[in-house]
Amino acid sequence: MNMTLDWLQAPCRPIDQQAAAAAQARQDRLTKPRGSLGRLEEMAIRLAGMQGTDTPTPDPVRILQFVSDHGVAVEGVSCFPREVTLQMLHNIARGGAAVSVMAEAIDAVMEIFDLGIATDPGPVAGVRSERLGPGTGNIAREPAMTDDQLARALDIGRTAVERALDEGARLLICGEMGIGNTTPATALACALLDLEPAILTGPGTGLDRQGVSRKAQVVAAALALHARPEHGPVELLRRLGGFDIAASTGAFIRAAQLGLPILVDGFIISAAALVATRINPGARDWMLFSHGSAEPGHRHMMEALDADPYLHLRLRLGEATGGATLVPLLRMACVVHRKMATFDEAGVSEA
């Protein structure tokens, strides 16, 4: 199977600067000192420019939950066995996972994907089967994906975004679940940022110091095998990434091309955002960043993306939970922007 990747390079939709300027002007006329609502103002203005309207809203929200296994888990880089990925797929689908509860609380539609769990679960209610294989290859010893697997993973993200837009979505959040996936995310960040594994490697699901050291050695082995100056971001994604990271990368690029605002979640999804912007720099304009992850490498990715996350709650779960947590604040920012009176409307004197 051969699929072209030419679509990745298509231009992203430009931000509506006129709408953003109008939103800024409205904020400056609301009955408050200019800038006094801080980053709530910024949220409304950014969404206004993305959506090309003076009444921005994050709703409806679409969460794409990509579940897959990672071959590198056999290297002992996680506190949990690979079987947990399968167990968590069922938990998410049944509504018992944190992101499931959060999605219900914020009235978001969540589409769950089996991209390649080590053990084929068969049909699962509420899960879309898009299996690319029984997990990726072990990046410490082989490439994560074949060319076709990469192309298909990217395309799954692309078509998921197109489907979400057809169904009215106005904000995209990608989530992931897969034992061991902080390791490929770390490897990708090291390769793209030219930083040593010791700087970026963190505890993931709760490794102790010895476990983190072991994980950094595994990342170093993967980089020695795959990171070459001639390898661009697409090839690095194929060699070092995961099905979940690749699908999220495809989703981010397509969302930016079609004008769907992106809310970037934590450490693993930020690695996908980093890859997406290296493939198609225009994607960055469409990204909002929900929170600062407790993973030590996240700060370096945020610096590279020129991003200032809105929340700092020491989150490190992933699964789109950080993105879901921010949605109520986005709603608050938009409703204040829309309903608050201007000085003229309220008959209040300006200083």
# chains A, B, ... in the order shown; residues from 1 in each chain; ligands from 1
call {"tool": "select_by_dssp", "arguments": {"residues": "segment 50-170 of chain A", "states": "alpha helix (DSSP H)", "output": "ChimeraX atom specification"}}
result
/A:50-51,83-94,98-105,147-166
call {"tool": "residues_around", "arguments": {"residues": "segment 111-124 of chain A", "least_positions_apart": "5", "cutoff": "9 Å", "atoms": "only C-alpha atoms", "output": "MDAnalysis selection string"}}
result
chainID A and resid 62:71 82:83 85:86 89:90 92:93 129:136 153 156 160 178 243:244 247
call {"tool": "select_by_dssp", "arguments": {"residues": "segment 148-216 of chain A", "states": "strand (DSSP E or B)", "output": "PyMOL selection string"}}
result
chain A and resi 171-177
call {"tool": "write_last_selection", "arguments": {"atoms": "N, CA, C and O atoms", "output": "PDB file, in the first residue's frame"}}
result
ATOM      1  N   LEU A 171     -13.490  22.991  18.091  1.00  0.00           N
ATOM      2  CA  LEU A 171     -12.238  22.905  18.839  1.00  0.00           C
ATOM      3  C   LEU A 171     -11.799  21.450  18.862  1.00  0.00           C
ATOM      4  O   LEU A 171     -12.601  20.561  19.123  1.00  0.00           O
ATOM      5  N   LEU A 172     -10.511  21.231  18.586  1.00  0.00           N
ATOM      6  CA  LEU A 172      -9.946  19.882  18.540  1.00  0.00           C
ATOM      7  C   LEU A 172      -9.003  19.656  19.713  1.00  0.00           C
ATOM      8  O   LEU A 172      -8.137  20.490  19.986  1.00  0.00           O
ATOM      9  N   ILE A 173      -9.176  18.515  20.390  1.00  0.00           N
ATOM     10  CA  ILE A 173      -8.218  18.061  21.399  1.00  0.00           C
ATOM     11  C   ILE A 173      -7.838  16.627  21.037  1.00  0.00           C
ATOM     12  O   ILE A 173      -8.703  15.793  20.818  1.00  0.00           O
ATOM     13  N   CYS A 174      -6.535  16.355  20.969  1.00  0.00           N
ATOM     14  CA  CYS A 174      -6.065  14.984  20.763  1.00  0.00           C
ATOM     15  C   CYS A 174      -5.561  14.426  22.087  1.00  0.00           C
ATOM     16  O   CYS A 174      -4.876  15.118  22.846  1.00  0.00           O
ATOM     17  N   GLY A 175      -5.892  13.168  22.335  1.00  0.00           N
ATOM     18  CA  GLY A 175      -5.394  12.465  23.506  1.00  0.00           C
ATOM     19  C   GLY A 175      -4.733  11.168  23.086  1.00  0.00           C
ATOM     20  O   GLY A 175      -4.825  10.749  21.932  1.00  0.00           O
ATOM     21  N   GLU A 176      -4.061  10.524  24.012  1.00  0.00           N
ATOM     22  CA  GLU A 176      -3.337   9.281  23.718  1.00  0.00           C
ATOM     23  C   GLU A 176      -3.336   8.389  24.946  1.00  0.00           C
ATOM     24  O   GLU A 176      -3.440   8.849  26.064  1.00  0.00           O
ATOM     25  N   MET A 177      -3.243   7.093  24.697  1.00  0.00           N
ATOM     26  CA  MET A 177      -3.033   6.148  25.763  1.00  0.00           C
ATOM     27  C   MET A 177      -2.240   4.976  25.201  1.00  0.00           C
ATOM     28  O   MET A 177      -2.612   4.414  24.182  1.00  0.00           O
TER      29      MET A 177
END
call {"tool": "closest_residue", "arguments": {"among": "A:Ala140, A:Val161, A:His312, A:Ala271", "to": "Leu200 of chain A", "atoms": "only C-alpha atoms"}}
result
A:Ala271
call {"tool": "residues_around", "arguments": {"residues": "segment 253-266 of chain A", "least_positions_apart": "6", "cutoff": "6 Å", "atoms": "only C-alpha atoms", "output": "ChimeraX atom specification"}}
result
/A:12-13,158,171-173,283,286-290,293,318,320,322-323
call {"tool": "closest_residue", "arguments": {"among": "A:Gly242, A:Gly204, A:Gly49, A:Pro14", "to": "Phe267 of chain A", "atoms": "only C-alpha atoms"}}
result
A:Gly204
call {"tool": "residues_around", "arguments": {"residues": "Val61 of chain A", "least_positions_apart": "5", "cutoff": "9 Å", "atoms": "only C-alpha atoms", "output": "list in words"}}
result
Ala103, Ile106, Asp107, Ala108, Val109, Met110, Gly168, Ala169, Arg170, Leu171, Leu172, Ile173 and Val327 of chain A
call {"tool": "residues_around", "arguments": {"residues": "Glu142 of chain A", "least_positions_apart": "5", "cutoff": "10 Å", "atoms": "only C-alpha atoms", "output": "PyMOL selection string"}}
result
chain A and resi 71-72+136-137+222+225-226+239-240
call {"tool": "residues_around", "arguments": {"residues": "Leu193 of chain A", "least_positions_apart": "4", "cutoff": "9 Å", "atoms": "only C-alpha atoms", "output": "PyMOL selection string"}}
result
chain A and resi 188-189+300-301+304
call {"tool": "residues_around", "arguments": {"residues": "Glu345 of chain A", "least_positions_apart": "3", "cutoff": "12 Å", "atoms": "only C-alpha atoms", "output": "JSON, numbers by chain"}}
result
{"A": [26, 29, 30, 31, 339, 340, 341, 342, 348, 349]}
call {"tool": "write_last_selection", "arguments": {"atoms": "N, CA and C atoms", "output": "short mmCIF file (atom, residue, chain, number, x, y, z; two decimals), in the first residue's frame"}}
result
data_model
loop_
_atom_site.label_atom_id
_atom_site.label_comp_id
_atom_site.auth_asym_id
_atom_site.auth_seq_id
_atom_site.Cartn_x
_atom_site.Cartn_y
_atom_site.Cartn_z
N ARG A 26 -12.81 45.26 21.00
CA ARG A 26 -13.94 45.08 21.91
C ARG A 26 -13.46 44.89 23.34
N ARG A 29 -12.84 48.00 25.04
CA ARG A 29 -13.99 48.84 25.33
C ARG A 29 -14.87 48.28 26.45
N LEU A 30 -14.56 47.08 26.94
CA LEU A 30 -15.37 46.49 28.00
C LEU A 30 -15.12 47.20 29.32
N THR A 31 -16.10 47.10 30.23
CA THR A 31 -16.07 47.87 31.48
C THR A 31 -15.08 47.26 32.48
N LYS A 339 -20.76 38.92 26.35
CA LYS A 339 -21.87 39.49 27.11
C LYS A 339 -21.53 40.69 27.98
N MET A 340 -20.26 40.88 28.28
CA MET A 340 -19.89 42.00 29.15
C MET A 340 -20.19 43.33 28.45
N ALA A 341 -20.65 44.30 29.18
CA ALA A 341 -21.01 45.60 28.60
C ALA A 341 -19.77 46.42 28.28
N THR A 342 -19.89 47.23 27.22
CA THR A 342 -18.85 48.20 26.93
C THR A 342 -19.10 49.45 27.78
N VAL A 348 -20.69 54.01 31.68
CA VAL A 348 -19.60 54.15 32.65
C VAL A 348 -18.51 55.02 32.04
N SER A 349 -18.00 55.94 32.83
CA SER A 349 -16.96 56.83 32.34
C SER A 349 -15.63 56.12 32.27
#
call {"tool": "atom_distance", "arguments": {"atom1": "atom CA of Ser248 of chain A", "atom2": "atom CA of Ala144 of chain A"}}
result
15.6 Å
call {"tool": "closest_residue", "arguments": {"among": "A:Ala21, A:Ala227, A:Pro328, A:Gly180", "to": "Asp194 of chain A", "atoms": "only C-alpha atoms"}}
result
A:Ala227
call {"tool": "closest_residue", "arguments": {"among": "A:Ala20, A:Leu326, A:Val336, A:Ala164", "to": "Pro60 of chain A", "atoms": "only C-alpha atoms"}}
result
A:Ala164
call {"tool": "closest_residue", "arguments": {"among": "A:Ser78, A:Thr146, A:Thr249, A:Gln51", "to": "Asn181 of chain A", "atoms": "only C-alpha atoms"}}
result
A:Ser78
call {"tool": "atom_distance", "arguments": {"atom1": "atom CA of Gln149 of chain A", "atom2": "atom CA of Lys215 of chain A"}}
result
25.2 Å
